[in-house]
Every structure is written in C-alpha cells, then in structure tokens.
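Working notes, structure below.
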Amino acid sequence: MADGLWEDRDVRFDISSQQMRMRPGEKGIDRLDAVEDTKGNNGDRGCLIVTNLRIIWHSLAIPRANLSIGFNCVINISTRTAQSKLRGTVEALYVLCKCNNTRFEFIFTNLIPGSPRLFTSVISVLRAYETSKLYRDLKLRGALVQNKQLRLLPQEQVYDKVNGVWNLSSDQGNLGTFYITNVRLVWHANINESFNVSIPYLQMKNVKIRDSKFGVALVVETSVMSGGYVLGFRIDPQEKLQQVTKEIQNLHRIYSTCPIFGVEFETEDKPQSMEELTTEAVQDDVEIENDPNTDAFAAYFADGNKERDRDPVFSEELGLAVEKLKDGFTVAGLWEVLA
C-alpha cells in the first residue's frame, strides 16, 4: 500500500483532477479561497487546500494550473516579504521542499488582508504531521515500550498482546512480545525493551506463513519505501501461529480500506467561502506561457537550482539595473564581502 502512496511523499505540478481528489484516509483540514502562488503564478488568484498529507493549490481561472506539495518533502517553512501583483509588498509564506534530490521553493500570499490563517494552518498541520511519523514509518529500536507496556499513540488501540514470539533476525533468535493494534504491529525483546520494531500496516507489503531455518514462521515483508525488510517471527504452537497471522492479515486489510495517518488538527474557525468574504472583487491579470522548452516546475527551483536570473531592478547606489537581491542582502554589504 505504501508504495502507491505518493500524496505526502512527492511534489507534483499540473496534476489531473483525479490526483487532486483525496485518497482514502486523506482529510481536508482547511481551505482558503483567495491565495496567490506568488512565485509560479504571480497575479493569479487561486484556492489553497491543506490536508493531513499535503498542500494543494490550483488557479481559479485555470484549474489545470496546480500544485501538490507533500508534507514529507517540506524541509523548511518561513514568513518573509514578497512582491505580489495583486497586493504589492506583503508578508508571504515561503515553503522550501526537497524531492528526488531537487529543491523547490514555493511562495504563497493570502489575498485577504490581515488574515493569519494561511500561516497558522500550514505551519500547525506540518507540525502535527512531523510528530505523528510512527503511524506511517517503520521504526527500529525506538522508545516504543515503557515498563513492559506499549506507549500508545493518540488514536491507537491494542487489540491483542501475544507472548512467546521469537524474532528470527539473529542465529539464536530473541524471545519477545507482540502488540497488535489498529495501526501497527510492534515487537520487543523481553530482556531488552529497546530491541524492538514498529511496523505500521501502511508499510506492510505481505503478511504470510512460510518455512524458515527455524521452522514454519510468520513473515512480514515491508514496502520498498520503508527499506524492503523481510522480518520473521516464530510462534508456538502452530494453531497459535495461524490465529495470530490471520488476525494481522485482517487488521491490515481493514486498515488498507480506510488508513489512519495520525495527523490530527482542527481549525478554530470554519473556512470561509468566497461569498462570505467581504473584500471587493479584483480583476486579475492572468498571463499564460506555453513554452514547450520550459518544464512546469522550473519556475519553482530554489536558488541552488535556478535556471534564470531574478528580475532586474534599478539600484540607486550603482546607478544602473541589477538582478534583484535576495531578502536580507544589500549592495553595500556585498561590497564589504568582496573587500
């Protein structure tokens, strides 16, 4: 299942309407109907949707002009000033991402003056995403167990605790305990609680019984995304092995139908619709560029990957046009560095 999950792990441009739809388990958390994609579509009013997995933006004038930014790709979020065609110099949300070894920068401007929701929603949901990774990521040797008890996640329920489970990762095996919950399978060694593994159902590729050098064993194969592990466990007697395997398979099947990604966040105010907004309608200047030699994502490269210079501005100090400096830099400061 995880190998088919791309929404939180990818940055995509101009996606289809089907890819914009929310997958099972994905929930819309906030919607802002007046947001400008200031870097790639400056001057174009759009809609920004925050889900528990990603940020979606699409142009209101041209819906096929859109973005999908997975939270797992985000490496930094900050607020700085930006130059918007619709609002002039304004504080904007800067989102720096890394995907497939390429760094992208996105700049979003809320077109509703005085509203902080763009900043609070995105930053808060990202924080909730980052603190709920055990729902989605395989974890080895983590702080999973305390005083022989599983440390439960906020939406987690233990369905079964199975004693006498041998982990077959070493030649002699290690005796331990299973915790089977609604979101994952956890095993820990009885003599050393820190020797453990947490396997979310999201990362399970196969759960089956097969022969091993220790005899018949329960084998869990994990997704390529989580490292492609093959983990073996022995449970005696055979009847108990069959019962535990069937229980895990059933819970895995149920989870796959409606996944729990663990990102919980509620906005204090209900999202406003366009009819509820009191600002005057503005005629937007929309420019469409159809250059077949330019990739859709080229405009979003971070400075380390930029393919074109920033727009020129007049420098009073030098008396000529220069490439616009990044925020925080001055001509005088650059001369001091060169000196």
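To be explicit about the labels: the chains of the structure tokens are called A, B, and onward in the order shown, and within each one the residues are counted from 1, while ligands get numbers from 1 in the order they are shown.
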
- Message: Give me, as a PyMOL selection string, all polymer residues having an atom no more than 10 Å from range 97-114 of chain A, counting only C-alpha atoms and skipping those fewer than 5 positions away in the same chain.
- Response: chain A and resi 9-12+32-42+45-48+57+67+69-84+86-87+90-92+119+277-279+297-306

- Query: Near Met225 in chain A, counting only C-alpha atoms, which residues have an atom at most 12 Å away, once you skip same-chain residues fewer than 4 positions from it, shown as a list in words?
  - Reply: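 Once the nearby chain positions are removed, what remains is Met1, Ala2, Asp3, Gly4, Leu5, Trp6, Arg9, Arg136, Asp137, Leu138, Leu202, Gln203, Met204, Lys205, Glu221 and Tyr229 of chain A.
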
Those residues with N, CA and C atoms, as a short mmCIF file (atom, residue, chain, number, x, y, z; two decimals), in the first residue's frame please?
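Listed below is the output, again.cif:
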```cif
data_model
loop_
_atom_site.label_atom_id
_atom_site.label_comp_id
_atom_site.auth_asym_id
_atom_site.auth_seq_id
_atom_site.Cartn_x
_atom_site.Cartn_y
_atom_site.Cartn_z
N MET A 1 0.83 -1.21 0.00
CA MET A 1 0.00 0.00 0.00
C MET A 1 0.86 1.27 0.00
N ALA A 2 1.94 1.26 0.81
CA ALA A 2 2.77 2.46 0.92
C ALA A 2 3.44 2.82 -0.39
N ASP A 3 3.77 1.81 -1.21
CA ASP A 3 4.43 2.09 -2.47
C ASP A 3 3.51 2.83 -3.44
N GLY A 4 2.19 2.77 -3.19
CA GLY A 4 1.24 3.51 -4.01
C GLY A 4 0.88 4.85 -3.43
N LEU A 5 1.35 5.14 -2.20
CA LEU A 5 1.06 6.40 -1.54
C LEU A 5 2.09 7.44 -1.98
N TRP A 6 1.64 8.45 -2.71
CA TRP A 6 2.55 9.50 -3.18
C TRP A 6 2.19 10.87 -2.62
N ARG A 9 4.59 12.27 -0.16
CA ARG A 9 6.00 11.98 -0.44
C ARG A 9 6.49 12.56 -1.75
N ARG A 136 3.10 6.10 10.22
CA ARG A 136 3.38 5.92 8.79
C ARG A 136 4.74 5.30 8.49
N ASP A 137 5.70 5.40 9.41
CA ASP A 137 7.07 4.97 9.12
C ASP A 137 7.49 3.79 9.99
N LEU A 138 8.19 2.85 9.39
CA LEU A 138 8.76 1.74 10.15
C LEU A 138 9.86 2.28 11.07
N LEU A 202 0.55 0.47 7.11
CA LEU A 202 0.79 1.24 5.89
C LEU A 202 2.02 0.74 5.14
N GLN A 203 3.03 0.25 5.88
CA GLN A 203 4.29 -0.18 5.27
C GLN A 203 4.36 -1.69 5.03
N MET A 204 3.30 -2.42 5.33
CA MET A 204 3.31 -3.87 5.12
C MET A 204 2.95 -4.19 3.67
N LYS A 205 3.82 -4.97 3.04
CA LYS A 205 3.56 -5.42 1.67
C LYS A 205 2.92 -6.80 1.66
N GLU A 221 6.76 -8.84 5.07
CA GLU A 221 7.56 -8.12 4.08
C GLU A 221 7.09 -6.67 4.06
N TYR A 229 12.27 -4.63 4.08
CA TYR A 229 12.69 -5.63 5.06
C TYR A 229 11.84 -6.90 4.95
#
```

- Task: Could you tell me which of A:Ala61, A:Ile29, A:Val263, A:Gly215 comes closest to Arg117 in chain A if we count only C-alpha atoms?
- Result: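 Residue with the minimum atom-to-atom distance to Arg117 in chain A: A:Ile29.
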
- Task: Skip Arg141 in chain A itself and residues of its chain fewer than 4 positions away, then list as JSON, numbers by chain all residues within 8 Å of it, counting only C-alpha atoms.
- Result: {"A": [194, 195, 196, 197]}

Since we have the selection now, will you write its residues out, keeping C-alpha atoms, as a PDB file, in the first residue's frame?
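File produced: part-v7.pdb:
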```pdb
ATOM      1  CA  SER A 194      14.969  -1.145  23.414  1.00  0.00           C
ATOM      2  CA  PHE A 195      15.480  -4.033  20.963  1.00  0.00           C
ATOM      3  CA  ASN A 196      12.200  -3.576  19.114  1.00  0.00           C
ATOM      4  CA  VAL A 197      10.455  -2.829  15.852  1.00  0.00           C
TER       5      VAL A 197
END
```

- Task: Using only C-alpha atoms, pick whichever of A:Val122, A:Leu60, A:Ala143, A:Leu251 has the shortest atom-to-atom distance to Gln157 in chain A.
- Result: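 Going through A:Val122, A:Leu60, A:Ala143, A:Leu251 one by one, the smallest distance to Gln157 in chain A is for A:Leu251.
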
- Interatomic distance, CA of Gln238 in chain A to CA of Glu156 in chain A (Å, one decimal):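 Computing the Euclidean distance for CA of Gln238 in chain A and CA of Glu156 in chain A yields 28.5 Å.
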
- Message: Considering only alpha helix (DSSP H) as DSSP defines it on the backbone, what residues of range 123-306 of chain A qualify? List them as a PyMOL selection string.
- Response: chain A and resi 123-130+238-257

- Message: Can you pull out the residues contacting Phe265 in chain A? Cut-off 10 Å, using only C-alpha atoms, and skip same-chain residues under 4 positions away; I want them as a list in words.
- Response: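 In the requested format, the answer is Ile29, Asp30, Thr51, Asn52, Ser121, Ser124, Val125, Leu126, Arg127, Ala128 and Tyr129 of chain A.
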
- Message: Based on the backbone DSSP call, show me all residues of range 92-230 of chain A assigned strand (DSSP E or B), as an NGL selection string.
- Response: :A and (92-99 or 102-110 or 139-140 or 145-146 or 149-150 or 158-167 or 174-181 or 184-189 or 196-200 or 204-212 or 215-222 or 230)

- Item | Using only C-alpha atoms: which of A:Val224, A:Val158, A:Ile235, A:Leu140 has the shortest distance to Gly176 in chain A |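 Distance minimum relative to Gly176 in chain A lands on A:Ile235.
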
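Considering only C-alpha atoms, the residue among A:Ala65, A:Leu168, A:Met22, A:Ile15 positioned nearest to Phe214 in chain A is A:Leu168.
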